[in-house]
file data.cif (mmCIF, C-alpha atoms and all ligand atoms)
data_work
#
loop_
_atom_site.label_atom_id
_atom_site.label_comp_id
_atom_site.auth_asym_id
_atom_site.auth_seq_id
_atom_site.Cartn_x
_atom_site.Cartn_y
_atom_site.Cartn_z
CA MET A 1 -90.12 -84.80 39.70
CA ASP A 2 -87.87 -87.26 37.89
CA LYS A 3 -84.25 -87.18 39.14
CA ASN A 4 -82.74 -85.92 35.87
CA VAL A 5 -85.36 -83.22 35.51
CA LYS A 6 -84.85 -82.28 39.15
CA ASP A 7 -81.06 -81.99 38.77
CA LYS A 8 -81.49 -79.84 35.68
CA PHE A 9 -84.05 -77.65 37.47
CA VAL A 10 -81.85 -77.16 40.53
CA ASN A 11 -78.78 -76.52 38.40
CA THR A 12 -80.40 -73.68 36.46
CA TYR A 13 -80.07 -71.46 39.51
CA ILE A 14 -76.89 -69.61 40.39
CA LYS A 15 -76.55 -70.21 44.08
CA ARG A 16 -74.10 -70.12 46.95
CA SER A 17 -75.93 -71.67 49.90
CA TRP A 18 -79.40 -73.02 49.53
CA ILE A 19 -82.05 -75.39 50.72
CA GLU A 20 -84.00 -77.64 48.38
CA VAL A 21 -87.57 -78.38 49.40
CA ASP A 22 -89.00 -81.38 47.61
CA PHE A 23 -92.77 -80.89 47.52
CA ASP A 24 -93.45 -84.31 45.98
CA LYS A 25 -91.95 -85.89 49.07
CA LEU A 26 -93.88 -83.56 51.34
CA GLU A 27 -97.17 -84.42 49.66
CA SER A 28 -96.39 -88.11 49.75
CA ASN A 29 -95.53 -87.96 53.48
CA VAL A 30 -98.82 -86.23 54.23
CA ARG A 31 -100.70 -88.81 52.18
CA LYS A 32 -98.97 -91.72 53.91
CA ILE A 33 -99.72 -90.34 57.36
CA LYS A 34 -103.30 -89.55 56.45
CA ASN A 35 -103.85 -93.04 55.02
CA SER A 36 -102.50 -94.57 58.22
CA LEU A 37 -105.19 -92.85 60.33
CA PRO A 38 -108.48 -94.51 61.17
CA VAL A 39 -111.19 -93.47 58.73
CA GLY A 40 -112.81 -90.17 59.62
CA VAL A 41 -109.96 -88.85 61.76
CA LYS A 42 -109.15 -85.30 60.71
CA TYR A 43 -105.64 -84.40 59.70
CA VAL A 44 -104.47 -81.05 61.04
CA GLY A 45 -101.31 -80.00 59.19
CA VAL A 46 -99.11 -77.97 61.52
CA VAL A 47 -97.51 -75.32 59.30
CA LYS A 48 -96.26 -72.84 61.89
CA ALA A 49 -92.83 -71.27 61.50
CA ASP A 50 -93.07 -71.19 57.70
CA ALA A 51 -94.03 -74.88 57.64
CA TYR A 52 -90.99 -75.67 59.79
CA GLY A 53 -88.81 -73.79 57.31
CA HIS A 54 -90.34 -75.50 54.26
CA CYS A 55 -91.85 -72.37 52.65
CA MET A 56 -95.40 -72.44 53.91
CA PRO A 57 -97.40 -70.49 51.32
CA GLN A 58 -96.09 -72.55 48.42
CA ALA A 59 -96.35 -75.80 50.37
CA LEU A 60 -100.01 -75.45 51.38
CA MET A 61 -101.60 -76.86 48.24
CA ARG A 62 -99.42 -79.95 48.56
CA PHE A 63 -100.70 -80.48 52.10
CA ILE A 64 -104.23 -80.29 50.76
CA LYS A 65 -103.48 -82.70 47.90
CA GLY A 66 -101.95 -85.09 50.42
CA GLY A 67 -105.13 -85.03 52.48
CA ALA A 68 -104.79 -82.34 55.16
CA ASP A 69 -108.25 -81.32 56.40
CA MET A 70 -107.22 -78.20 58.24
CA PHE A 71 -104.17 -76.23 59.32
CA ALA A 72 -102.62 -75.11 62.58
CA VAL A 73 -100.29 -72.16 63.04
CA ALA A 74 -98.77 -70.40 66.04
CA ASN A 75 -100.10 -66.89 65.56
CA LEU A 76 -102.33 -64.61 63.53
CA TYR A 77 -99.63 -63.43 61.17
CA GLU A 78 -99.16 -67.03 60.14
CA ALA A 79 -102.93 -67.48 59.88
CA SER A 80 -103.05 -64.51 57.50
CA ARG A 81 -100.39 -66.11 55.34
CA VAL A 82 -102.40 -69.33 55.14
CA ARG A 83 -105.45 -67.28 54.16
CA GLU A 84 -103.60 -65.76 51.20
CA VAL A 85 -103.64 -69.23 49.68
CA VAL A 86 -106.39 -71.25 51.34
CA SER A 87 -109.87 -69.94 52.05
CA ASP A 88 -111.87 -73.11 52.59
CA ARG A 89 -110.14 -74.88 55.51
CA PRO A 90 -110.17 -74.03 59.19
CA VAL A 91 -106.96 -72.48 60.53
CA LEU A 92 -106.39 -73.11 64.22
CA VAL A 93 -104.14 -70.67 66.07
CA LEU A 94 -102.34 -72.75 68.69
CA SER A 95 -100.72 -70.07 70.85
CA PRO A 96 -102.72 -67.53 72.83
CA VAL A 97 -103.83 -64.49 70.83
CA LEU A 98 -102.76 -61.12 72.23
CA LYS A 99 -105.57 -58.86 73.35
CA GLU A 100 -104.88 -56.31 70.62
CA GLU A 101 -104.84 -59.06 67.99
CA ARG A 102 -108.31 -60.38 68.80
CA PRO A 103 -110.21 -58.46 66.07
CA LEU A 104 -107.85 -59.97 63.49
CA VAL A 105 -109.25 -63.41 64.27
CA PHE A 106 -112.41 -62.29 62.46
CA ASP A 107 -110.51 -60.65 59.59
CA TYR A 108 -108.58 -63.85 58.89
CA GLY A 109 -111.36 -66.30 59.61
CA ALA A 110 -109.10 -68.00 62.14
CA THR A 111 -110.08 -70.36 64.94
CA PRO A 112 -108.47 -69.28 68.18
CA ALA A 113 -107.42 -71.64 70.97
CA VAL A 114 -109.13 -70.28 74.07
CA SER A 115 -107.52 -70.68 77.48
CA SER A 116 -109.85 -68.92 79.90
CA PHE A 117 -113.38 -67.71 80.44
CA ASP A 118 -112.28 -64.07 80.27
CA GLU A 119 -110.74 -64.63 76.88
CA ALA A 120 -113.87 -66.42 75.66
CA LYS A 121 -115.99 -63.56 76.97
CA ALA A 122 -113.89 -60.98 75.12
CA PHE A 123 -114.26 -62.97 71.89
CA ASP A 124 -117.98 -63.34 72.51
CA LYS A 125 -118.32 -59.58 72.73
CA LEU A 126 -116.37 -59.00 69.52
CA ALA A 127 -118.43 -61.68 67.76
CA SER A 128 -121.68 -60.18 68.93
CA GLU A 129 -120.61 -56.70 67.70
CA ARG A 130 -120.00 -58.25 64.30
CA GLY A 131 -123.18 -60.29 64.31
CA LYS A 132 -121.14 -63.48 64.08
CA ILE A 133 -120.69 -66.78 65.83
CA LEU A 134 -117.01 -67.50 66.45
CA SER A 135 -115.75 -71.08 66.41
CA VAL A 136 -113.05 -71.75 68.98
CA HIS A 137 -111.13 -74.72 70.31
CA ILE A 138 -110.65 -75.00 74.05
CA LYS A 139 -107.01 -75.43 74.94
CA LEU A 140 -106.64 -77.68 77.97
CA ASP A 141 -103.57 -77.79 80.11
CA THR A 142 -103.28 -81.46 81.02
CA GLY A 143 -99.87 -81.11 82.60
CA MET A 144 -97.56 -78.84 80.63
CA GLY A 145 -98.24 -76.07 83.11
CA ARG A 146 -98.35 -73.33 80.48
CA ALA A 147 -101.21 -71.85 78.53
CA GLY A 148 -104.59 -73.53 78.62
CA VAL A 149 -107.46 -74.24 80.95
CA TRP A 150 -106.00 -76.21 83.85
CA PHE A 151 -107.67 -79.64 83.62
CA GLU A 152 -108.94 -79.57 87.19
CA ARG A 153 -110.92 -76.41 86.45
CA ALA A 154 -112.10 -77.50 83.00
CA ASP A 155 -115.62 -78.55 84.07
CA GLU A 156 -116.33 -75.19 85.56
CA ILE A 157 -114.75 -73.09 82.81
CA ILE A 158 -116.11 -75.03 79.84
CA SER A 159 -119.59 -74.89 81.37
CA GLN A 160 -119.24 -71.11 81.65
CA ILE A 161 -118.04 -70.79 78.07
CA LEU A 162 -120.97 -72.86 76.87
CA THR A 163 -123.31 -70.12 78.13
CA LEU A 164 -121.82 -67.56 75.72
CA LYS A 165 -124.19 -66.97 72.82
CA ASN A 166 -121.70 -65.97 70.14
CA ILE A 167 -119.04 -68.60 70.81
CA LYS A 168 -119.19 -72.11 69.48
CA ILE A 169 -116.83 -74.71 70.91
CA ASN A 170 -115.67 -76.67 67.87
CA GLY A 171 -112.88 -78.53 69.55
CA ILE A 172 -111.09 -79.43 72.76
CA PHE A 173 -107.40 -80.15 72.64
CA SER A 174 -104.26 -80.44 74.67
CA HIS A 175 -100.54 -80.65 73.97
CA LEU A 176 -98.32 -83.53 75.07
CA SER A 177 -95.32 -82.18 76.93
CA SER A 178 -93.03 -85.18 76.62
CA ALA A 179 -94.48 -87.67 74.15
CA ASP A 180 -90.97 -88.45 72.87
CA THR A 181 -89.47 -89.24 76.27
CA ASP A 182 -92.08 -90.18 78.88
CA ARG A 183 -94.74 -92.76 78.07
CA GLU A 184 -96.36 -92.87 81.51
CA TYR A 185 -96.74 -89.12 81.76
CA THR A 186 -98.07 -88.96 78.21
CA LEU A 187 -100.75 -91.51 79.03
CA SER A 188 -101.72 -89.62 82.17
CA GLN A 189 -102.23 -86.49 80.07
CA VAL A 190 -104.40 -88.53 77.71
CA GLU A 191 -106.60 -89.73 80.57
CA ARG A 192 -107.14 -86.17 81.71
CA ILE A 193 -108.45 -84.93 78.36
CA ARG A 194 -110.44 -88.14 77.88
CA THR A 195 -112.39 -87.54 81.09
CA ILE A 196 -113.21 -83.98 80.08
CA ALA A 197 -114.13 -84.97 76.52
CA GLN A 198 -116.50 -87.62 77.84
CA LYS A 199 -118.43 -84.89 79.54
CA PHE A 200 -118.48 -82.20 76.89
CA ALA A 201 -117.76 -83.68 73.45
CA THR A 202 -120.50 -83.44 70.86
CA ASP A 203 -120.54 -85.04 67.40
CA ASP A 204 -119.30 -81.93 65.65
CA MET A 205 -116.42 -81.28 68.05
CA LEU A 206 -112.83 -82.22 67.36
CA ILE A 207 -110.95 -83.77 70.27
CA HIS A 208 -107.22 -83.89 69.71
CA ILE A 209 -103.94 -84.42 71.52
CA HIS A 210 -101.61 -86.31 69.13
CA ASN A 211 -98.49 -84.60 67.88
CA SER A 212 -95.94 -86.56 65.85
CA ALA A 213 -94.42 -88.32 68.84
CA GLY A 214 -97.85 -88.95 70.35
CA LEU A 215 -98.66 -91.43 67.57
CA ARG A 216 -96.27 -93.89 69.20
CA TYR A 217 -97.98 -94.49 72.53
CA VAL A 218 -101.43 -93.02 72.24
CA PRO A 219 -104.01 -95.06 70.30
CA ILE A 220 -106.11 -92.99 67.93
CA GLU A 221 -109.49 -94.04 69.27
CA PRO A 222 -112.50 -92.19 70.63
CA PRO A 223 -112.75 -89.56 71.91
CA PHE A 224 -109.86 -88.56 69.63
CA ASN A 225 -110.97 -87.70 66.11
CA ALA A 226 -108.16 -85.42 64.91
CA VAL A 227 -104.35 -85.38 65.00
CA ARG A 228 -101.97 -82.42 64.79
CA MET A 229 -99.00 -83.43 62.71
CA GLY A 230 -95.78 -81.41 62.64
CA LEU A 231 -92.34 -82.96 62.41
CA ILE A 232 -93.15 -86.25 60.69
CA GLN A 233 -94.79 -84.48 57.75
CA TYR A 234 -91.37 -83.21 56.87
CA GLY A 235 -90.01 -86.76 56.95
CA ILE A 236 -88.29 -86.61 60.32
CA ASN A 237 -88.83 -89.25 62.97
CA PRO A 238 -89.05 -87.91 66.53
CA PHE A 239 -87.50 -91.17 67.79
CA ASP A 240 -83.95 -92.40 67.23
CA ASP A 241 -85.03 -96.04 67.51
CA GLY A 242 -87.64 -95.81 64.75
CA GLY A 243 -90.53 -95.68 67.18
CA GLY A 244 -92.75 -97.86 65.01
CA TYR A 245 -92.91 -95.20 62.29
CA GLU A 246 -90.77 -97.15 59.81
CA HIS A 247 -93.73 -98.68 58.00
CA LEU A 248 -94.88 -95.20 56.98
CA GLY A 249 -91.84 -94.89 54.71
CA LEU A 250 -91.54 -91.14 55.21
CA GLN A 251 -88.94 -89.24 53.23
CA SER A 252 -86.92 -86.25 54.34
CA VAL A 253 -88.12 -83.19 52.43
CA LEU A 254 -85.34 -80.71 53.02
CA ALA A 255 -81.74 -80.65 51.77
CA PHE A 256 -79.18 -78.01 52.77
CA LYS A 257 -76.25 -77.36 50.47
CA SER A 258 -73.46 -74.94 49.69
CA LYS A 259 -70.49 -74.55 47.38
CA ILE A 260 -66.72 -74.59 47.58
CA LEU A 261 -65.19 -71.16 46.99
CA ALA A 262 -61.57 -72.21 46.78
CA VAL A 263 -59.26 -75.10 47.66
CA GLY A 264 -55.87 -74.49 49.30
CA GLU A 265 -53.11 -76.61 50.85
CA ARG A 266 -51.88 -76.53 54.41
CA ASP A 267 -49.84 -79.03 56.48
CA GLY A 268 -50.24 -81.62 53.70
CA MET A 269 -54.01 -81.23 53.78
CA ARG A 270 -56.28 -79.95 51.05
CA ILE A 271 -58.62 -77.46 52.66
CA ALA A 272 -61.75 -76.16 50.98
CA SER A 273 -63.38 -72.91 51.99
CA VAL A 274 -67.14 -73.27 51.81
CA CYS A 275 -69.45 -70.30 51.35
CA ALA A 276 -71.63 -70.95 54.38
CA GLY A 277 -71.15 -69.62 57.87
CA TYR A 278 -73.24 -68.92 60.89
CA ALA A 279 -75.01 -66.12 59.01
CA ASP A 280 -76.31 -68.93 56.81
CA GLY A 281 -77.59 -70.86 59.77
CA VAL A 282 -74.63 -73.20 60.13
CA PRO A 283 -73.92 -73.23 63.86
CA ALA A 284 -70.61 -71.85 65.11
CA GLY A 285 -69.90 -75.15 66.84
CA PHE A 286 -69.92 -78.73 65.51
CA THR A 287 -69.07 -81.90 67.40
CA ASP A 288 -65.87 -83.74 66.37
CA ASP A 289 -67.69 -86.48 64.52
CA ALA A 290 -69.52 -83.97 62.27
CA ARG A 291 -69.09 -84.48 58.53
CA VAL A 292 -70.20 -82.79 55.31
CA LEU A 293 -70.36 -84.39 51.89
CA VAL A 294 -68.04 -83.36 49.08
CA GLY A 295 -68.03 -85.54 45.95
CA GLY A 296 -69.94 -88.15 47.93
CA VAL A 297 -67.11 -88.37 50.52
CA ARG A 298 -67.66 -87.62 54.20
CA CYS A 299 -65.31 -84.75 55.04
CA LYS A 300 -64.31 -83.28 58.38
CA ILE A 301 -64.80 -79.67 59.37
CA VAL A 302 -61.56 -77.82 60.11
CA GLY A 303 -61.21 -74.92 62.56
CA LYS A 304 -63.93 -72.49 63.44
CA VAL A 305 -67.07 -71.72 61.47
CA GLY A 306 -67.02 -68.03 60.48
CA LEU A 307 -69.84 -65.67 59.76
CA ASP A 308 -69.66 -66.23 55.99
CA GLU A 309 -67.32 -69.17 55.50
CA MET A 310 -66.16 -72.42 56.96
CA TYR A 311 -63.40 -74.90 56.13
CA VAL A 312 -63.44 -78.55 55.28
CA ASP A 313 -60.68 -81.15 54.89
CA VAL A 314 -61.09 -82.40 51.31
CA SER A 315 -57.80 -84.34 51.13
CA ASN A 316 -59.63 -87.54 50.20
CA THR A 317 -61.44 -85.94 47.29
CA THR A 318 -60.77 -84.27 43.98
CA ALA A 319 -62.75 -81.25 45.10
CA LYS A 320 -62.38 -77.95 43.27
CA ALA A 321 -63.93 -74.51 43.47
CA GLY A 322 -67.61 -74.52 42.55
CA ASP A 323 -68.25 -78.10 43.72
CA GLU A 324 -71.26 -78.79 45.87
CA VAL A 325 -71.09 -79.31 49.62
CA THR A 326 -73.99 -81.11 51.28
CA PHE A 327 -74.82 -80.52 54.94
CA ILE A 328 -78.15 -82.31 54.83
CA GLY A 329 -79.23 -84.54 51.98
CA GLU A 330 -77.93 -87.00 49.46
CA GLN A 331 -74.86 -86.72 47.27
CA ASN A 332 -73.60 -89.45 44.90
CA GLY A 333 -75.49 -92.11 46.83
CA THR A 334 -74.23 -91.04 50.28
CA GLU A 335 -76.56 -89.27 52.65
CA ILE A 336 -76.42 -87.08 55.73
CA SER A 337 -79.74 -87.06 57.53
CA LEU A 338 -81.24 -84.06 59.21
CA ALA A 339 -81.12 -86.08 62.42
CA ASP A 340 -77.32 -86.59 62.13
CA TYR A 341 -76.73 -82.94 61.28
CA SER A 342 -78.88 -81.94 64.25
CA ARG A 343 -76.96 -84.19 66.63
CA TRP A 344 -73.61 -82.84 65.36
CA THR A 345 -74.80 -79.29 65.92
CA SER A 346 -76.38 -80.02 69.33
CA ARG A 347 -79.81 -79.05 68.08
CA ILE A 348 -83.12 -80.81 68.02
CA PRO A 349 -84.48 -81.45 64.50
CA TRP A 350 -87.24 -78.84 64.89
CA GLU A 351 -84.55 -76.23 65.57
CA THR A 352 -82.47 -77.23 62.53
CA MET A 353 -85.45 -76.81 60.24
CA VAL A 354 -86.42 -73.36 61.40
CA ALA A 355 -82.88 -72.01 61.86
CA ILE A 356 -82.02 -71.50 58.19
CA PRO A 357 -82.12 -67.76 57.58
CA ARG A 358 -83.34 -65.84 54.57
CA ARG A 359 -79.82 -65.36 53.19
CA VAL A 360 -79.96 -68.99 52.15
CA ASP A 361 -81.79 -69.41 48.83
CA ARG A 362 -84.94 -71.51 48.72
CA ILE A 363 -85.27 -73.85 45.78
CA LEU A 364 -88.72 -75.33 45.63
CA ILE A 365 -88.96 -78.56 43.70
CA HIS A 366 -92.51 -79.13 42.46
C1 LIG B 401 -95.98 -77.57 67.18
C2 LIG B 401 -97.17 -78.22 67.71
C3 LIG B 401 -97.58 -79.49 67.23
C4 LIG B 401 -96.76 -80.31 66.26
O1 LIG B 401 -95.76 -80.99 66.97
P1 LIG B 401 -94.76 -82.02 66.28
O2 LIG B 401 -94.03 -82.58 67.43
O3 LIG B 401 -93.85 -81.23 65.39
O4 LIG B 401 -95.56 -83.01 65.55
C5 LIG B 401 -98.77 -80.00 67.70
N1 LIG B 401 -99.51 -79.32 68.62
C6 LIG B 401 -99.14 -78.14 69.12
C7 LIG B 401 -99.99 -77.46 70.13
C8 LIG B 401 -97.95 -77.55 68.70
O5 LIG B 401 -97.59 -76.37 69.21
#

call {"tool": "encode", "arguments": {"input": "data.cif", "output": "structure tokens"}}
result
Amino acid sequence: MDKNVKDKFVNTYIKRSWIEVDFDKLESNVRKIKNSLPVGVKYVGVVKADAYGHCMPQALMRFIKGGADMFAVANLYEASRVREVVSDRPVLVLSPVLKEERPLVFDYGATPAVSSFDEAKAFDKLASERGKILSVHIKLDTGMGRAGVWFERADEIISQILTLKNIKINGIFSHLSSADTDREYTLSQVERIRTIAQKFATDDMLIHIHNSAGLRYVPIEPPFNAVRMGLIQYGINPFDDGGGYEHLGLQSVLAFKSKILAVGERDGMRIASVCAGYADGVPAGFTDDARVLVGGVRCKIVGKVGLDEMYVDVSNTTAKAGDEVTFIGEQNGTEISLADYSRWTSRIPWETMVAIPRRVDRILIH
């Protein structure tokens, strides 16, 4: 959307605190990432947690336009939400499915991540009762020490699962525990899945381990033929030093804004009260170097953040009631990145994105 049209569109809403989600940027990020992958590598768009707070149902078609081949979510509720919009792409459920949720896998046409033979056996039984073959991905634990088939037992367990008549192994994957901090460990995880894939991979199986940070150190080469992209789709770099992602030219998708309610004077300072507090997802504590934008000027936060309001020193501005306050995003050519805001609030970027509650309006820019 053209900037003037966008401003007009955003300004038609009466709003107090809101996020703006720019779907053109989202689609363009997905396209840039997809185009950077070797030909034939499948793009799994990770859209768990409401597409990291970017309004998943409405965002899905833009992922598809950008080139996403399939989706990944955390649980079956999220899979059902994907299915309301998209019927023709696989939806991988990354976290273990609860026992009582297992029948829903069939209702939603989801692909579960299977972590044990017992689980596979239970799915096999349900599939057989329904006269169906269920596609699953095997979740390998290559070192996180959480859910998944422990890599040292993978030979045995995958061989057992292969005997089940109503289960089809469509993929084998693992999650990198510290791709953003520990290169050596990351590469050792990669070797573990590689060894197992060499034994079991078939042409129609997806073998995947890359998350956003994994793209830095792990070459996308056989056996890997799919990547699971989360954070970078939303324009956020997992590395402070650029990490070799600069050439992608990704753009931040989300802006977080509020308005000034009133401006008062105290101790020779002009203080604005802003209609956002911790009930709007602004954390109760900021570091001293935190700033918000008012009239394109970086302004300091004063005192404590309340439930509904917070206060900002606007002495260096001509701010008045009703003016915009930007926590994340661009204002008059000055920008606060989601990374800066996250650092000032002692959060990781993933947390910032998913921590904006429903009270905050969502403005979707198509
Ligand atoms: C969330 C998640 C991802 C995406 O991670 P990013 O770091 O956001 O790219 C990939 N794989 C699994 C298993 C996940 O849970």

call {"tool": "closest_residue", "arguments": {"input": "data.cif", "among": "A:Val274, A:Val93, A:Val41, A:Val325", "to": "Val302 in chain A", "atoms": "all atoms listed in the file"}}
result
A:Val274

call {"tool": "closest_residue", "arguments": {"input": "data.cif", "among": "A:Gly322, A:Gly295, A:Pro283, A:Gly303", "to": "Ser346 in chain A", "atoms": "all atoms listed in the file"}}
result
A:Pro283

call {"tool": "atom_distance", "arguments": {"input": "data.cif", "atom1": "CA of Ser178 in chain A", "atom2": "CA of Arg153 in chain A"}}
result
22.2 Å

call {"tool": "closest_residue", "arguments": {"input": "data.cif", "among": "A:His247, A:Lys121, A:Lys257, A:Lys15", "to": "Glu324 in chain A", "atoms": "all atoms listed in the file"}}
result
A:Lys257

call {"tool": "axis_aligned_box", "arguments": {"input": "data.cif", "around": "ligand LIG 401 (chain B)", "padding_each_side": "6 Å", "output": "JSON"}}
result
{"center_x": -96.9, "center_y": -79.7, "center_z": 67.8, "size_x": 18.1, "size_y": 18.6, "size_z": 16.7}

call {"tool": "closest_residue", "arguments": {"input": "data.cif", "among": "A:Leu26, A:Leu187, A:Ala51, A:Ala290", "to": "ligand LIG 401 (chain B)", "atoms": "only C-alpha atoms and all ligand atoms"}}
result
A:Ala51

call {"tool": "residues_near_ligand", "arguments": {"input": "data.cif", "ligand": "ligand LIG 401 (chain B)", "cutoff": "10 Å", "atoms": "all atoms listed in the file", "output": "mmCIF file with C-alpha atoms, in the frame of the given file"}}
result
data_model
loop_
_atom_site.group_PDB
_atom_site.id
_atom_site.type_symbol
_atom_site.label_atom_id
_atom_site.label_comp_id
_atom_site.auth_asym_id
_atom_site.auth_seq_id
_atom_site.Cartn_x
_atom_site.Cartn_y
_atom_site.Cartn_z
ATOM 1 C CA VAL A 44 -104.470 -81.050 61.040
ATOM 2 C CA GLY A 45 -101.310 -80.000 59.190
ATOM 3 C CA VAL A 46 -99.110 -77.970 61.520
ATOM 4 C CA VAL A 47 -97.510 -75.320 59.300
ATOM 5 C CA LYS A 48 -96.260 -72.840 61.890
ATOM 6 C CA ALA A 49 -92.830 -71.270 61.500
ATOM 7 C CA TYR A 52 -90.990 -75.670 59.790
ATOM 8 C CA ALA A 72 -102.620 -75.110 62.580
ATOM 9 C CA VAL A 73 -100.290 -72.160 63.040
ATOM 10 C CA ALA A 74 -98.770 -70.400 66.040
ATOM 11 C CA LEU A 92 -106.390 -73.110 64.220
ATOM 12 C CA VAL A 93 -104.140 -70.670 66.070
ATOM 13 C CA LEU A 94 -102.340 -72.750 68.690
ATOM 14 C CA SER A 95 -100.720 -70.070 70.850
ATOM 15 C CA ALA A 113 -107.420 -71.640 70.970
ATOM 16 C CA LYS A 139 -107.010 -75.430 74.940
ATOM 17 C CA PHE A 173 -107.400 -80.150 72.640
ATOM 18 C CA SER A 174 -104.260 -80.440 74.670
ATOM 19 C CA HIS A 175 -100.540 -80.650 73.970
ATOM 20 C CA LEU A 176 -98.320 -83.530 75.070
ATOM 21 C CA SER A 177 -95.320 -82.180 76.930
ATOM 22 C CA SER A 178 -93.030 -85.180 76.620
ATOM 23 C CA ALA A 179 -94.480 -87.670 74.150
ATOM 24 C CA ASP A 180 -90.970 -88.450 72.870
ATOM 25 C CA HIS A 208 -107.220 -83.890 69.710
ATOM 26 C CA ILE A 209 -103.940 -84.420 71.520
ATOM 27 C CA HIS A 210 -101.610 -86.310 69.130
ATOM 28 C CA ASN A 211 -98.490 -84.600 67.880
ATOM 29 C CA SER A 212 -95.940 -86.560 65.850
ATOM 30 C CA ALA A 213 -94.420 -88.320 68.840
ATOM 31 C CA GLY A 214 -97.850 -88.950 70.350
ATOM 32 C CA LEU A 215 -98.660 -91.430 67.570
ATOM 33 C CA VAL A 227 -104.350 -85.380 65.000
ATOM 34 C CA ARG A 228 -101.970 -82.420 64.790
ATOM 35 C CA MET A 229 -99.000 -83.430 62.710
ATOM 36 C CA GLY A 230 -95.780 -81.410 62.640
ATOM 37 C CA LEU A 231 -92.340 -82.960 62.410
ATOM 38 C CA ILE A 232 -93.150 -86.250 60.690
ATOM 39 C CA GLN A 233 -94.790 -84.480 57.750
ATOM 40 C CA TYR A 234 -91.370 -83.210 56.870
ATOM 41 C CA ILE A 236 -88.290 -86.610 60.320
ATOM 42 C CA ASN A 237 -88.830 -89.250 62.970
ATOM 43 C CA PRO A 238 -89.050 -87.910 66.530
ATOM 44 C CA PRO A 349 -84.480 -81.450 64.500
ATOM 45 C CA TRP A 350 -87.240 -78.840 64.890
#

call {"tool": "atom_distance", "arguments": {"input": "data.cif", "atom1": "CA of Phe117 in chain A", "atom2": "CA of Gly171 in chain A"}}
result
15.4 Å

call {"tool": "residues_around", "arguments": {"input": "data.cif", "residues": "Trp18 in chain A", "least_positions_apart": "6", "cutoff": "12 Å", "atoms": "only C-alpha atoms", "output": "list in words"}}
result
Val10, Asn11, Leu254, Ala255, Phe256, Lys257, Ser258, Lys259, Cys275, Ala276, Asp280, Gly281, Val282, Glu324, Val325, Thr326, Phe327, Ile328, Gly329, Ile356, Pro357, Arg358, Arg359, Val360, Asp361, Arg362, Ile363 and Leu364 of chain A

call {"tool": "residues_near_point", "arguments": {"input": "data.cif", "point": "(-107.6, -79.8, 46.5)", "cutoff": "12 Å", "atoms": "all atoms listed in the file", "output": "JSON, numbers by chain"}}
result
{"A": [27, 60, 61, 62, 63, 64, 65, 66, 67, 68, 69, 70, 85, 86, 87, 88, 89]}

call {"tool": "closest_residue", "arguments": {"input": "data.cif", "among": "A:Met1, A:Ile260, A:Ala120, A:Val149", "to": "Val136 in chain A", "atoms": "only C-alpha atoms"}}
result
A:Ala120

call {"tool": "atom_distance", "arguments": {"input": "data.cif", "atom1": "CA of Cys299 in chain A", "atom2": "CA of Thr12 in chain A"}}
result
26.4 Å

call {"tool": "closest_residue", "arguments": {"input": "data.cif", "among": "A:Lys32, A:Phe200, A:Leu98, A:Gln189", "to": "Met144 in chain A", "atoms": "all atoms listed in the file"}}
result
A:Gln189

call {"tool": "residues_around", "arguments": {"input": "data.cif", "residues": "Trp150 in chain A", "least_positions_apart": "4", "cutoff": "10 Å", "atoms": "only C-alpha atoms", "output": "PyMOL selection string"}}
result
chain A and resi 115-116+139-146+154-155+157

call {"tool": "decode", "arguments": {"input": "data.cif", "residues": "range 82-88 of chain A", "atoms": "N, CA, C and O atoms", "output": "compact mmCIF listing (two decimals), in the first residue's frame"}}
result
# COMPACT_ATOMS: atom_id res chain seq x y z
N VAL A 82 -5.85 -22.49 11.11
CA VAL A 82 -5.28 -22.49 9.76
C VAL A 82 -6.29 -23.09 8.78
O VAL A 82 -6.55 -22.56 7.70
N ARG A 83 -6.93 -24.18 9.20
CA ARG A 83 -7.86 -24.90 8.33
C ARG A 83 -9.10 -24.10 7.98
O ARG A 83 -9.76 -24.38 6.97
N GLU A 84 -9.43 -23.08 8.80
CA GLU A 84 -10.57 -22.22 8.44
C GLU A 84 -10.27 -21.45 7.15
O GLU A 84 -11.17 -21.00 6.46
N VAL A 85 -8.98 -21.27 6.87
CA VAL A 85 -8.60 -20.45 5.73
C VAL A 85 -7.95 -21.28 4.61
O VAL A 85 -8.16 -21.02 3.43
N VAL A 86 -7.15 -22.24 5.01
CA VAL A 86 -6.32 -22.97 4.03
C VAL A 86 -6.64 -24.46 4.10
O VAL A 86 -6.51 -25.07 5.16
N SER A 87 -7.06 -25.03 2.95
CA SER A 87 -7.38 -26.45 3.00
C SER A 87 -6.38 -27.30 2.25
O SER A 87 -6.35 -28.52 2.39
N ASP A 88 -5.53 -26.65 1.43
CA ASP A 88 -4.72 -27.45 0.50
C ASP A 88 -3.23 -27.48 0.83
O ASP A 88 -2.43 -27.78 -0.04
